[in-house]
$ cat data-v2.pdb   # PDB, C-alpha atoms
ATOM      1  CA  MET Q  83       0.000   0.000   0.000
ATOM      2  CA  GLY Q  84       2.899   2.351   0.753
ATOM      3  CA  ILE Q  85       4.219   1.938  -2.784
ATOM      4  CA  LEU Q  86       0.779   2.900  -4.103
ATOM      5  CA  PHE Q  87       0.795   6.152  -2.105
ATOM      6  CA  ILE Q  88       4.285   6.961  -3.414
ATOM      7  CA  LEU Q  89       3.215   6.336  -7.021
ATOM      8  CA  LEU Q  90       0.059   8.424  -6.541
ATOM      9  CA  SER Q  91       2.081  11.324  -5.089
ATOM     10  CA  VAL Q  92       4.535  11.113  -8.005
ATOM     11  CA  SER Q  93       1.664  11.027 -10.508
ATOM     12  CA  CYS Q  94       0.090  14.145  -8.981
ATOM     13  CA  SER Q  95       3.406  16.032  -9.074
ATOM     14  CA  LEU Q  96       3.960  15.122 -12.719
ATOM     15  CA  LEU Q  97       0.372  16.035 -13.588
ATOM     16  CA  LEU Q  98       0.938  19.472 -12.061
ATOM     17  CA  ALA Q  99       3.920  20.172 -14.318
ATOM     18  CA  HIS Q 100       2.071  18.793 -17.347
ATOM     19  CA  LEU Q 101      -0.992  20.996 -16.727
ATOM     20  CA  LEU Q 102       1.155  24.092 -16.169
ATOM     21  CA  LYS Q 103       2.870  23.496 -19.496
ATOM     22  CA  LEU Q 104      -0.547  23.011 -21.117
ATOM     23  CA  GLY Q 105      -1.635  26.404 -19.796
ATOM     24  CA  GLU Q 106       1.473  28.047 -21.238
ATOM     25  CA  VAL Q 107       0.995  26.364 -24.627
ATOM     26  CA  LYS Q 108      -2.623  27.544 -24.787
ATOM     27  CA  GLN Q 109      -1.446  31.026 -23.712
ATOM     28  CA  TYR Q 110      -3.738  31.230 -20.699
ATOM     29  CA  LYS Q 111      -3.132  33.783 -17.947
ATOM     30  CA  VAL Q 112      -0.878  31.900 -15.536
ATOM     31  CA  LEU Q 113      -1.799  34.131 -12.607
ATOM     32  CA  ASN Q 114      -5.510  33.437 -13.093
ATOM     33  CA  ILE Q 115      -4.885  29.682 -13.177
ATOM     34  CA  LEU Q 116      -2.728  29.730 -10.050
ATOM     35  CA  THR Q 117      -5.225  31.833  -8.115
ATOM     36  CA  VAL Q 118      -8.075  29.436  -8.922
ATOM     37  CA  ASN Q 119      -5.737  26.600  -7.906
ATOM     38  CA  TYR Q 120      -5.314  28.162  -4.475
ATOM     39  CA  VAL Q 121      -9.061  28.685  -4.106
ATOM     40  CA  ILE Q 122      -9.384  24.892  -4.391
ATOM     41  CA  ALA Q 123      -6.351  24.131  -2.194
ATOM     42  CA  PHE Q 124      -7.379  26.587   0.554
ATOM     43  CA  GLY Q 125     -11.015  25.474   0.514
ATOM     44  CA  ALA Q 126     -10.016  21.825   0.754
ATOM     45  CA  ALA Q 127      -7.538  22.531   3.563
ATOM     46  CA  ILE Q 128     -10.217  24.369   5.571
ATOM     47  CA  GLY Q 129     -12.615  21.490   4.954
ATOM     48  CA  ILE Q 130     -10.048  18.964   6.192
ATOM     49  CA  ASN Q 131      -9.415  21.041   9.321
ATOM     50  CA  ALA Q 132     -13.142  21.258  10.058
ATOM     51  CA  TRP Q 133     -13.581  17.528   9.379
ATOM     52  CA  ASN Q 134     -10.823  16.734  11.882
ATOM     53  CA  GLY Q 135     -12.395  18.980  14.512
ATOM     54  CA  LEU Q 136      -9.707  21.664  14.348
ATOM     55  CA  ASP Q 137     -10.380  25.394  14.739
ATOM     56  CA  VAL Q 138     -10.726  27.027  11.351
ATOM     57  CA  VAL Q 139      -9.168  30.321  12.513
ATOM     58  CA  PRO Q 140      -7.003  29.598  15.575
ATOM     59  CA  ALA Q 141      -5.377  32.306  17.693
ATOM     60  CA  PHE Q 142      -1.812  31.915  16.457
ATOM     61  CA  PRO Q 143       0.993  34.352  17.386
ATOM     62  CA  VAL Q 144       1.580  37.251  15.012
ATOM     63  CA  TRP Q 145       5.018  35.936  14.043
ATOM     64  CA  PHE Q 146       3.426  32.683  12.854
ATOM     65  CA  TRP Q 147       1.086  34.587  10.506
ATOM     66  CA  ILE Q 148       4.029  36.633   9.185
ATOM     67  CA  PHE Q 149       5.966  33.429   8.519
ATOM     68  CA  CYS Q 150       2.985  31.898   6.664
ATOM     69  CA  ALA Q 151       2.499  35.094   4.634
ATOM     70  CA  PHE Q 152       6.126  35.001   3.480
ATOM     71  CA  ILE Q 153       5.946  31.314   2.556
ATOM     72  CA  GLY Q 154       2.577  31.868   0.864
ATOM     73  CA  PHE Q 155       4.263  34.379  -1.424
ATOM     74  CA  ILE Q 156       7.094  31.909  -2.095
ATOM     75  CA  PHE Q 157       4.598  29.163  -2.969
ATOM     76  CA  ILE Q 158       2.690  31.127  -5.618
ATOM     77  CA  ALA Q 159       5.887  32.719  -6.977
ATOM     78  CA  ASN Q 160       7.443  29.269  -7.306
ATOM     79  CA  PHE Q 161       4.433  27.972  -9.239
ATOM     80  CA  PHE Q 162       4.578  30.994 -11.522
ATOM     81  CA  VAL Q 163       8.288  30.426 -12.238
ATOM     82  CA  LEU Q 164       7.684  26.689 -12.755
ATOM     83  CA  SER Q 165       4.982  27.464 -15.304
ATOM     84  CA  ARG Q 166       7.321  29.745 -17.274
ATOM     85  CA  SER Q 167      10.222  27.332 -16.958
ATOM     86  CA  VAL Q 168       8.398  24.241 -18.246
ATOM     87  CA  HIS Q 169       7.472  26.327 -21.277
ATOM     88  CA  LEU Q 170      10.989  27.587 -22.025
ATOM     89  CA  ASN Q 171      13.194  24.823 -20.585
ATOM     90  CA  GLY Q 172      10.976  21.768 -20.861
ATOM     91  CA  VAL Q 173       9.313  19.612 -18.229
ATOM     92  CA  GLY Q 174      12.268  17.351 -17.392
ATOM     93  CA  VAL Q 175      14.889  20.069 -16.966
ATOM     94  CA  SER Q 176      12.556  22.255 -14.881
ATOM     95  CA  ILE Q 177      11.574  19.436 -12.536
ATOM     96  CA  ALA Q 178      15.225  18.448 -12.107
ATOM     97  CA  ALA Q 179      16.155  22.022 -11.100
ATOM     98  CA  MET Q 180      13.210  22.176  -8.699
ATOM     99  CA  ARG Q 181      13.997  18.839  -7.016
ATOM    100  CA  LEU Q 182      17.664  19.745  -6.577
ATOM    101  CA  ALA Q 183      16.435  22.433  -4.181
ATOM    102  CA  LEU Q 184      16.378  19.847  -1.400
ATOM    103  CA  LEU Q 185      19.972  21.021  -0.935
ATOM    104  CA  VAL Q 186      18.634  24.115   0.866
ATOM    105  CA  PRO Q 187      16.959  22.287   3.795
ATOM    106  CA  VAL Q 188      19.985  19.965   3.983
ATOM    107  CA  LEU Q 189      22.317  22.962   4.424
ATOM    108  CA  LEU Q 190      19.855  24.536   6.853
ATOM    109  CA  SER Q 191      19.913  21.359   8.941
ATOM    110  CA  VAL Q 192      23.724  21.277   8.966
ATOM    111  CA  PHE Q 193      24.461  24.932   9.760
ATOM    112  CA  PHE Q 194      21.502  25.829  12.008
ATOM    113  CA  TYR Q 195      20.297  22.575  13.565
ATOM    114  CA  GLY Q 196      23.583  20.803  14.122
ATOM    115  CA  GLU Q 197      23.164  17.849  11.791
ATOM    116  CA  LEU Q 198      26.404  16.080  10.872
ATOM    117  CA  LEU Q 199      28.004  17.004   7.532
ATOM    118  CA  THR Q 200      29.249  13.618   6.333
ATOM    119  CA  TYR Q 201      31.480  12.908   3.361
ATOM    120  CA  SER Q 202      28.491  11.476   1.501
ATOM    121  CA  LYS Q 203      26.527  14.704   2.030
ATOM    122  CA  ILE Q 204      29.494  16.720   0.795
ATOM    123  CA  ALA Q 205      29.536  14.531  -2.317
ATOM    124  CA  GLY Q 206      25.792  15.087  -2.747
ATOM    125  CA  ILE Q 207      26.194  18.868  -2.388
ATOM    126  CA  LEU Q 208      28.936  18.911  -5.013
ATOM    127  CA  LEU Q 209      26.721  16.829  -7.310
ATOM    128  CA  VAL Q 210      23.897  19.365  -6.899
ATOM    129  CA  PHE Q 211      26.118  22.228  -8.024
ATOM    130  CA  GLY Q 212      27.463  20.076 -10.852
ATOM    131  CA  ALA Q 213      23.948  19.177 -11.966
ATOM    132  CA  LEU Q 214      22.837  22.814 -11.894
ATOM    133  CA  PHE Q 215      25.864  23.799 -13.949
ATOM    134  CA  MET Q 216      25.078  21.126 -16.544
ATOM    135  CA  LEU Q 217      21.408  22.130 -16.709
ATOM    136  CA  ILE Q 218      22.164  25.816 -17.397
ATOM    137  CA  ALA Q 219      25.446  25.387 -19.313
ATOM    138  CA  ALA Q 220      23.755  25.784 -22.692
ATOM    139  CA  ARG Q 221      21.487  28.603 -21.508
ATOM    140  CA  ARG Q 222      23.409  31.864 -21.311
ATOM    141  CA  ASP Q 223      20.551  34.328 -21.481
ATOM    142  CA  VAL Q 224      20.727  35.704 -17.939
ATOM    143  CA  SER Q 225      20.541  39.487 -17.786
ATOM    144  CA  LEU Q 226      19.777  42.141 -15.204
ATOM    145  CA  THR Q 227      16.763  43.440 -17.075
ATOM    146  CA  LYS Q 228      15.096  40.228 -18.217
ATOM    147  CA  VAL Q 229      15.006  36.736 -16.742
ATOM    148  CA  GLY Q 230      15.693  34.176 -19.452
ATOM    149  CA  SER Q 231      15.547  30.398 -19.420
ATOM    150  CA  ALA Q 232      18.720  30.013 -17.332
ATOM    151  CA  GLY Q 233      17.501  32.610 -14.849
ATOM    152  CA  LEU Q 234      14.205  30.746 -14.497
ATOM    153  CA  LEU Q 235      16.063  27.566 -13.527
ATOM    154  CA  LEU Q 236      18.008  29.454 -10.864
ATOM    155  CA  LEU Q 237      14.841  31.105  -9.539
ATOM    156  CA  LEU Q 238      13.090  27.738  -9.520
ATOM    157  CA  PHE Q 239      15.938  26.274  -7.483
ATOM    158  CA  PHE Q 240      15.875  29.226  -5.070
ATOM    159  CA  PHE Q 241      12.091  29.389  -4.534
ATOM    160  CA  SER Q 242      11.736  25.607  -4.234
ATOM    161  CA  GLY Q 243      14.570  25.575  -1.721
ATOM    162  CA  MET Q 244      12.890  28.296   0.331
ATOM    163  CA  ALA Q 245       9.610  26.350   0.295
ATOM    164  CA  ASP Q 246      11.339  23.125   1.388
ATOM    165  CA  ALA Q 247      13.333  24.960   4.060
ATOM    166  CA  SER Q 248      10.125  26.456   5.471
ATOM    167  CA  LEU Q 249       8.827  22.961   6.228
ATOM    168  CA  LYS Q 250      12.079  22.141   8.028
ATOM    169  CA  ILE Q 251      11.799  25.363  10.074
ATOM    170  CA  TYR Q 252       8.202  24.486  10.924
ATOM    171  CA  GLU Q 253       9.241  21.002  12.043
ATOM    172  CA  GLU Q 254      11.990  22.350  14.291
ATOM    173  CA  GLU Q 255      10.453  25.581  15.603
ATOM    174  CA  MET Q 256       6.683  25.645  15.165
ATOM    175  CA  SER Q 257       5.217  22.139  15.320
ATOM    176  CA  ALA Q 258       4.238  22.742  18.966
ATOM    177  CA  VAL Q 259       2.393  25.933  18.013
ATOM    178  CA  ALA Q 260       0.381  24.770  15.010
ATOM    179  CA  SER Q 261      -0.527  21.502  13.313
ATOM    180  CA  GLU Q 262       0.686  20.757   9.807
ATOM    181  CA  ALA Q 263      -2.906  21.093   8.564
ATOM    182  CA  HIS Q 264      -3.134  24.602  10.047
ATOM    183  CA  LEU Q 265       0.237  25.531   8.570
ATOM    184  CA  MET Q 266      -0.764  24.494   5.057
ATOM    185  CA  SER Q 267      -4.191  26.133   5.231
ATOM    186  CA  ALA Q 268      -2.573  29.413   6.362
ATOM    187  CA  ILE Q 269       0.026  29.244   3.586
ATOM    188  CA  PHE Q 270      -2.653  28.483   0.969
ATOM    189  CA  MET Q 271      -4.746  31.387   2.269
ATOM    190  CA  PHE Q 272      -1.907  33.870   1.819
ATOM    191  CA  SER Q 273      -1.007  32.441  -1.597
ATOM    192  CA  LEU Q 274      -4.631  32.977  -2.600
ATOM    193  CA  LEU Q 275      -4.634  36.545  -1.263
ATOM    194  CA  PHE Q 276      -1.412  37.382  -3.123
ATOM    195  CA  GLY Q 277      -2.900  35.933  -6.313
ATOM    196  CA  ILE Q 278      -6.107  37.961  -5.966
ATOM    197  CA  ALA Q 279      -4.148  41.141  -5.233
ATOM    198  CA  ALA Q 280      -1.952  40.606  -8.309
ATOM    199  CA  ILE Q 281      -4.978  39.977 -10.548
ATOM    200  CA  ILE Q 282      -6.674  43.151  -9.312
ATOM    201  CA  LYS Q 283      -3.494  45.166  -9.817
ATOM    202  CA  THR Q 284      -3.043  43.920 -13.391
ATOM    203  CA  GLY Q 285      -6.698  44.537 -14.200
ATOM    204  CA  ASP Q 286      -7.366  40.914 -15.175
ATOM    205  CA  ILE Q 287     -10.107  40.368 -12.587
ATOM    206  CA  ARG Q 288     -12.819  40.537 -15.277
ATOM    207  CA  ARG Q 289     -10.865  38.562 -17.859
ATOM    208  CA  ILE Q 290     -10.790  35.139 -16.202
ATOM    209  CA  ASN Q 291     -12.361  32.757 -18.685
ATOM    210  CA  LEU Q 292     -13.948  29.360 -18.137
ATOM    211  CA  SER Q 293     -10.971  27.479 -19.570
ATOM    212  CA  GLU Q 294      -8.621  29.107 -17.041
ATOM    213  CA  ILE Q 295     -11.011  28.248 -14.210
ATOM    214  CA  LYS Q 296     -11.196  24.616 -15.333
ATOM    215  CA  LEU Q 297      -7.432  24.342 -15.595
ATOM    216  CA  GLY Q 298      -6.981  26.028 -12.206
ATOM    217  CA  VAL Q 299      -9.329  23.494 -10.618
ATOM    218  CA  SER Q 300      -7.498  20.678 -12.412
ATOM    219  CA  ILE Q 301      -4.209  21.916 -10.912
ATOM    220  CA  GLY Q 302      -5.632  22.539  -7.441
ATOM    221  CA  VAL Q 303      -6.777  18.947  -6.983
ATOM    222  CA  PRO Q 304      -3.425  17.200  -7.652
ATOM    223  CA  ASN Q 305      -1.635  20.023  -5.786
ATOM    224  CA  LEU Q 306      -3.536  19.045  -2.651
ATOM    225  CA  LEU Q 307      -3.542  15.273  -3.241
ATOM    226  CA  SER Q 308       0.219  15.100  -3.804
ATOM    227  CA  SER Q 309       0.781  16.247  -0.205
ATOM    228  CA  ILE Q 310      -1.914  13.951   1.188
ATOM    229  CA  PHE Q 311      -0.477  10.894  -0.568
ATOM    230  CA  LEU Q 312       3.014  11.909   0.606
ATOM    231  CA  ILE Q 313       1.887  12.042   4.242
ATOM    232  CA  ASN Q 314       0.144   8.656   3.919
ATOM    233  CA  ALA Q 315       3.337   7.115   2.518
ATOM    234  CA  PHE Q 316       5.169   8.061   5.734
ATOM    235  CA  ALA Q 317       3.040   5.487   7.586
ATOM    236  CA  TYR Q 318       4.730   2.694   5.607
ATOM    237  CA  PHE Q 319       8.315   3.894   4.992
ATOM    238  CA  ASP Q 320      10.924   6.129   6.613
ATOM    239  CA  ALA Q 321      10.886   9.731   5.422
ATOM    240  CA  SER Q 322      14.347   9.350   3.855
ATOM    241  CA  VAL Q 323      13.096   6.469   1.696
ATOM    242  CA  VAL Q 324       9.888   8.261   0.700
ATOM    243  CA  TYR Q 325      11.620  11.522  -0.260
ATOM    244  CA  SER Q 326      14.415   9.852  -2.207
ATOM    245  CA  VAL Q 327      12.106   7.558  -4.177
ATOM    246  CA  ILE Q 328       9.548  10.298  -4.933
ATOM    247  CA  ASN Q 329      12.162  12.848  -5.995
ATOM    248  CA  MET Q 330      13.963  10.306  -8.161
ATOM    249  CA  LEU Q 331      10.759   9.101  -9.850
ATOM    250  CA  VAL Q 332       9.519  12.670 -10.413
ATOM    251  CA  VAL Q 333      12.776  13.689 -12.117
ATOM    252  CA  MET Q 334      12.784  10.571 -14.300
ATOM    253  CA  GLY Q 335       9.048  10.816 -15.021
ATOM    254  CA  GLY Q 336       9.334  14.504 -15.893
ATOM    255  CA  ALA Q 337      12.097  13.731 -18.366
ATOM    256  CA  LEU Q 338       9.996  11.006 -20.019
ATOM    257  CA  ILE Q 339       6.875  13.189 -20.251
ATOM    258  CA  GLY Q 340       8.902  16.022 -21.719
ATOM    259  CA  LEU Q 341      10.545  13.789 -24.310
ATOM    260  CA  LEU Q 342       7.596  11.570 -25.268
ATOM    261  CA  TYR Q 343       4.606  13.911 -24.993
ATOM    262  CA  TRP Q 344       5.932  17.443 -25.368
ATOM    263  CA  LYS Q 345       8.873  16.508 -27.619
ATOM    264  CA  ASP Q 346      11.226  18.616 -25.504
ATOM    265  CA  LYS Q 347      14.743  18.822 -26.855
ATOM    266  CA  VAL Q 348      17.294  17.755 -24.253
ATOM    267  CA  SER Q 349      20.957  18.495 -24.875
ATOM    268  CA  ARG Q 350      23.771  16.191 -23.798
ATOM    269  CA  PHE Q 351      24.630  18.599 -20.965
ATOM    270  CA  GLU Q 352      21.013  18.576 -19.746
ATOM    271  CA  ALA Q 353      20.774  14.775 -19.893
ATOM    272  CA  ILE Q 354      23.946  14.489 -17.813
ATOM    273  CA  GLY Q 355      22.591  17.137 -15.443
ATOM    274  CA  MET Q 356      19.349  15.213 -14.896
ATOM    275  CA  ALA Q 357      21.285  11.988 -14.243
ATOM    276  CA  MET Q 358      23.465  13.849 -11.732
ATOM    277  CA  ALA Q 359      20.324  15.272 -10.137
ATOM    278  CA  VAL Q 360      18.910  11.785  -9.517
ATOM    279  CA  LEU Q 361      22.198  10.651  -7.981
ATOM    280  CA  ALA Q 362      22.473  13.784  -5.821
ATOM    281  CA  ILE Q 363      18.917  13.292  -4.529
ATOM    282  CA  ILE Q 364      19.628   9.697  -3.531
ATOM    283  CA  ILE Q 365      22.869  10.632  -1.735
ATOM    284  CA  LEU Q 366      21.503  13.668   0.113
ATOM    285  CA  ILE Q 367      18.393  11.896   1.411
ATOM    286  CA  GLN Q 368      19.760   8.442   2.134
ATOM    287  CA  PHE Q 369      22.975   9.277   3.958
TER
END

$ encode --input "data-v2.pdb" --output "structure tokens"
Amino acid sequence: MGILFILLSVSCSLLLAHLLKLGEVKQYKVLNILTVNYVIAFGAAIGINAWNGLDVVPAFPVWFWIFCAFIGFIFIANFFVLSRSVHLNGVGVSIAAMRLALLVPVLLSVFFYGELLTYSKIAGILLVFGALFMLIAARRDVSLTKVGSAGLLLLLFFFSGMADASLKIYEEEMSAVASEAHLMSAIFMFSLLFGIAAIIKTGDIRRINLSEIKLGVSIGVPNLLSSIFLINAFAYFDASVVYSVINMLVVMGGALIGLLYWKDKVSRFEAIGMAMAVLAIIILIQF
């Protein structure tokens, strides 16, 4: 049963990337799609909290709300960058850059929470930087005025790392203050508010069409289910096993979807980079 939950979580993650690319290809408004996605995610999270008998709006400290607001911005920004990246860089390369971001919580654990920096972790860290170099080696369009394909990969790595690190900070500092369900519902709420504010500012509030709403709903469902299936998998396997297997399968699955469905062109450097990414993920999580 644990394997089934892992495969379902992987499938939801891959479906997310596929649907984001579909929205870019059809030239939908990405911001509209992401905002609808967070309507679904936030509504479902509130429903789960109510179903489990938890307070819908608990009296959390102000600093907790500030933390959730910051991470909520990171979440929607990361989705926006992912959407642009899968369009310009392809599904496989974008997912590889995003999954390499697990380096950030690893470094956070070493330098702030006293976890041991072993030789294997050093090797994994070096592999991450090597993989990133290979992924962006053929993409030299970074500038100060416009973010190109290489810049998107770096932003994707940075935002994904911040999102992953936030969960580590929650685990170490805030788990006694709020449940994981409350954390996610608060983050989804702020992501939704940022999305609404951005739509109003750009004047697109009246231009959301039915197709964008449908795609936003289609993204919101797997966005929520991927986390639920991930949590269920923890009941059967250690976290290190779950994370390593899921990350590895998502990188490999993203590469296959990009090549077979979207006909993404992958250079030799990028293929080597994705292989290094899989190896780095295994080393960083397992050792």

$ residues_around --input "data-v2.pdb" --residues "range 237-251 of chain Q" --least-positions-apart "2" --cutoff "7 Å" --atoms "all atoms listed in the file" --output "list of chain:residue names"
Q:Ile153, Q:Ile156, Q:Phe157, Q:Asn160, Q:Val163, Q:Leu164, Q:Ala179, Q:Met180, Q:Leu182, Q:Ala183, Q:Leu184, Q:Val186, Q:Pro187, Q:Gly233, Q:Leu234, Q:Leu235, Q:Glu253, Q:Glu254, Q:Glu255

$ resolve_selection --input "data-v2.pdb" --expression "the PyMOL selection byres ((chain Q and resi 158) around 9)" --output "list in words"
Leu113, Leu116, Thr117, Tyr120, Ile153, Gly154, Phe155, Ile156, Phe157, Ala159, Asn160, Phe161, Phe162, Val163, Phe270, Ser273, Leu274, Phe276 and Gly277 of chain Q

$ closest_residue --input "data-v2.pdb" --among "Q:Gly298, Q:Gly206, Q:Gly230, Q:Gly196" --to "Val118 in chain Q" --atoms "only C-alpha atoms"
Q:Gly298

$ atom_distance --input "data-v2.pdb" --atom1 "CA of Arg166 in chain Q" --atom2 "CA of Asn119 in chain Q"
16.4 Å

$ atom_distance --input "data-v2.pdb" --atom1 "CA of Ala151 in chain Q" --atom2 "CA of Asn114 in chain Q"
19.5 Å

$ residues_around --input "data-v2.pdb" --residues "range 130-143 of chain Q" --least-positions-apart "6" --cutoff "9 Å" --atoms "only C-alpha atoms" --output "ChimeraX atom specification"
/Q:259-260,263-264,267

$ write_last_selection --input "data-v2.pdb" --atoms "C-alpha atoms" --output "CSV table (one decimal), in the coordinates of the input"
chain,number,residue,atom,x,y,z
Q,259,VAL,CA,2.4,25.9,18.0
Q,260,ALA,CA,0.4,24.8,15.0
Q,263,ALA,CA,-2.9,21.1,8.6
Q,264,HIS,CA,-3.1,24.6,10.0
Q,267,SER,CA,-4.2,26.1,5.2

$ atom_distance --input "data-v2.pdb" --atom1 "CA of Leu190 in chain Q" --atom2 "CA of Val332 in chain Q"
23.4 Å

$ residues_around --input "data-v2.pdb" --residues "Met216 in chain Q" --least-positions-apart "2" --cutoff "10 Å" --atoms "all atoms listed in the file" --output "PyMOL selection string"
chain Q and resi 210-214+218-221+349-356+358-359

$ resolve_selection --input "data-v2.pdb" --expression "the PyMOL selection byres ((chain Q and resi 102) around 12)" --output "MDAnalysis selection string"
chainID Q and resid 95:101 103:116 119 161:170 172:173 176:177 294 297:302 304:305

$ residues_around --input "data-v2.pdb" --residues "range 309-314 of chain Q" --least-positions-apart "3" --cutoff "8 Å" --atoms "all atoms listed in the file" --output "PyMOL selection string"
chain Q and resi 84+87-88+90-91+305-306+317-318+324

$ residues_near_point --input "data-v2.pdb" --point "(11.9, 18.5, -27.6)" --cutoff "12 Å" --atoms "only C-alpha atoms" --output "list of chain:residue names"
Q:Val168, Q:His169, Q:Leu170, Q:Asn171, Q:Gly172, Q:Val173, Q:Gly174, Q:Val175, Q:Ala337, Q:Leu338, Q:Ile339, Q:Gly340, Q:Leu341, Q:Leu342, Q:Tyr343, Q:Trp344, Q:Lys345, Q:Asp346, Q:Lys347, Q:Val348, Q:Ser349

$ resolve_selection --input "data-v2.pdb" --expression "the PyMOL selection byres ((chain Q and resi 203) around 9)" --output "JSON, numbers by chain"
{"Q": [188, 198, 199, 200, 201, 202, 204, 205, 206, 207, 208, 362, 365, 366, 367, 369]}
